[in-house]
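Novice: Sending over a structure as structure tokens; questions will come in a sec.
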Amino acid sequence: MDNKSSKYMLIVLTVLCTALIVVSSVQSGFMDPLRNYIGYVLVPVQKGVNAVGTGIYNKIEEYSELKSAYDENIELKARIDSLTEENNRLKSETEELSRLREMYQLDNDYMQYQKVAARIIAKDSENWFQVFRIDKGSNDGIEPDMNVLSGGGLCGIVTEVGANYATVRSIIDDESRVAAMSQHTSDNCIVAGDLKLFEEGRLALTNINKDADISDGDAIVTSNISAKFLPGILIGYASDITIDSRHLTKSGYLIPVADFDNLQEVFVITELKEDVPEEEPET
């Protein structure tokens, strides 16, 4: 029904209601037929009006329920967002606490060395931390060739220093070579950086004498004969040691202890290998 028809219907209904009221107020039997006629016309109309009114009421009630459900949904969504944010914060704090505990343990493992804690502020690769920068520099006593620790052991070496930053080349970089040895037997080897190989989470372990007693799972540490790396720092663990085809040397792989996918904090040992006196052999 359009608006014009609705107006006409309302006018007619008003007239009929008024007529019924007027007729009903007259106490005369003469008016009975007229009252009956008006009632005959008005009652169906009134029923229709009542039905429309009931429908409108039901629509209003449905709208009210929908509005209530919508408001509740908004409130629940806000609560979920709040809980998600709180969960992410707690997760971040838990991860940070875990890293701090790891750094604390690392500090204790190498108490013989003076160290400066630093945070990584940039890296040269999107994938791994083969070359990265830290927020400490010469103002903090950092110098080139100082050893860098993370994740339980050796991470890299300082190559460039500014007043308030330093650049570190990690042991996974293709240019890295670390003179190492078995912690158990002191047999020498070389840990060679290899980014292609590190895609498998490994580094190359080379230059092992064919008679050397280096086995899978052996802890590999920095060697006493290294020119730049301080002795006895854990690098990783030997894996898949085999004799080369010419039977002159052995080779294998090393699983590094540092997590080069997610470095955030490091220790820089503020002592250079050249300044550390060599231990005198026991007599």
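We name chains A, B, ... following the order of the structure tokens; residues begin at 1 in each chain, and ligands are numbered from 1 as shown.
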Skip stretch 136-143 of chain A itself and residues of its chain fewer than 5 positions away, then list as JSON, numbers by chain all residues within 8 Å of it, counting only C-alpha atoms.
Specialist: {"A": [116, 118, 119, 158, 160, 161, 162, 163, 164, 165, 166, 268, 270]}
Novice: Point out the residue among A:Tyr110, A:Phe267, A:Tyr253, A:Tyr63 with the least atom-to-atom distance to A:Ile157, counting only C-alpha atoms.
Specialist: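 Under the stated criterion, the closest residue is A:Phe267.
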Novice: List every residue of stretch 153-260 of chain A that DSSP, applied to the backbone of this structure, assigns to alpha helix (DSSP H), and report them as a PyMOL selection string.
Specialist: chain A and resi 195-198
Novice: Can you pull out every residue from stretch 100-269 of chain A that DSSP, working from the backbone, puts in strand (DSSP E or B), and format the result as a PyMOL selection string?
Specialist: chain A and resi 115-123+131-134+147-150+153-161+166-170+177-182+188-192+203-209+219-222+234-243+249-256+265-269
Novice: What does the structure give for the distance between atom CA of A:Glu86 and atom CA of A:Trp128, in Å to one decimal?
Specialist: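 A separation of 29.5 Å between them.
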Novice: Env of A:Asp187: 9 Å cut, atoms = only C-alpha atoms, seq-sep filter 5 positions within chain, self excluded. Answer as a list in words.
Specialist: Ala180, Met181, Ser182, Ile208, Asn209, Ala212, Asp213 and Ile214 of chain A
Novice: Mind giving me the straight-line distance from atom CA of A:Asp218 to atom CA of A:Asp275 in Å, one decimal?
Specialist: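 Atom CA of A:Asp275 lies at a distance of 29.1 Å from atom CA of A:Asp218.
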Novice: Which one is closest to A:Ile243: A:Leu76, A:Gly151, A:Leu106, A:Asp211? Count only C-alpha atoms.
Specialist: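 So, comparing all the options, the nearest one is A:Asp211.
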Novice: Near A:Lys273, counting only C-alpha atoms, which residues have an atom at most 8 Å away, once you skip same-chain residues fewer than 5 positions from it, shown as number ranges by chain?
Specialist: A: 146, 227-230
Novice: Quick one: residues within 8 Å of A:Lys210, only C-alpha atoms counted, chain neighbours fewer than 6 positions away excluded, as a PDB file with N, CA and C atoms, in the first residue's frame?
Specialist:
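The file below, selection.pdb, is the result:
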```pdb
ATOM      1  N   ILE A 243      85.343 -40.334   6.315  1.00  0.00           N
ATOM      2  CA  ILE A 243      86.684 -40.246   5.743  1.00  0.00           C
ATOM      3  C   ILE A 243      86.557 -39.853   4.278  1.00  0.00           C
ATOM      4  N   HIS A 247      91.196 -40.797   1.544  1.00  0.00           N
ATOM      5  CA  HIS A 247      91.588 -41.371   2.840  1.00  0.00           C
ATOM      6  C   HIS A 247      92.742 -40.608   3.500  1.00  0.00           C
ATOM      7  N   LEU A 248      92.821 -39.317   3.204  1.00  0.00           N
ATOM      8  CA  LEU A 248      93.873 -38.494   3.802  1.00  0.00           C
ATOM      9  C   LEU A 248      93.326 -37.640   4.949  1.00  0.00           C
ATOM     10  N   THR A 249      92.068 -37.262   4.848  1.00  0.00           N
ATOM     11  CA  THR A 249      91.437 -36.428   5.885  1.00  0.00           C
ATOM     12  C   THR A 249      90.000 -36.900   6.127  1.00  0.00           C
ATOM     13  N   LYS A 250      89.416 -36.324   7.166  1.00  0.00           N
ATOM     14  CA  LYS A 250      88.000 -36.535   7.447  1.00  0.00           C
ATOM     15  C   LYS A 250      87.266 -35.205   7.280  1.00  0.00           C
TER      16      LYS A 250
END
```
Novice: Nearest to A:Asp109: which of A:Ile220, A:Asp81, A:Leu234, A:Tyr70 is it, counting only C-alpha atoms?
Specialist: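 Once distances to A:Asp109 are computed over only C-alpha atoms, the minimum belongs to A:Leu234.
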Novice: One decimal, in Å: what's the spacing between atom CA of A:Asn127 and atom CA of A:Gly252?
Specialist: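 Value for the atom CA of A:Asn127-atom CA of A:Gly252 distance: 24.2 Å.
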Novice: For A:Asn262, which of A:Arg133, A:Arg202, A:Ile80, A:Ser150 is the closest residue, counting only C-alpha atoms?
Specialist: A:Ser150
Novice: Can you pull out every residue within 10 Å of A:Asp107, counting only C-alpha atoms, but drop anything in the same chain fewer than 6 positions away, and send it as an MDAnalysis selection string?
Specialist: chainID A and resid 101 113:117 149:150 152 267
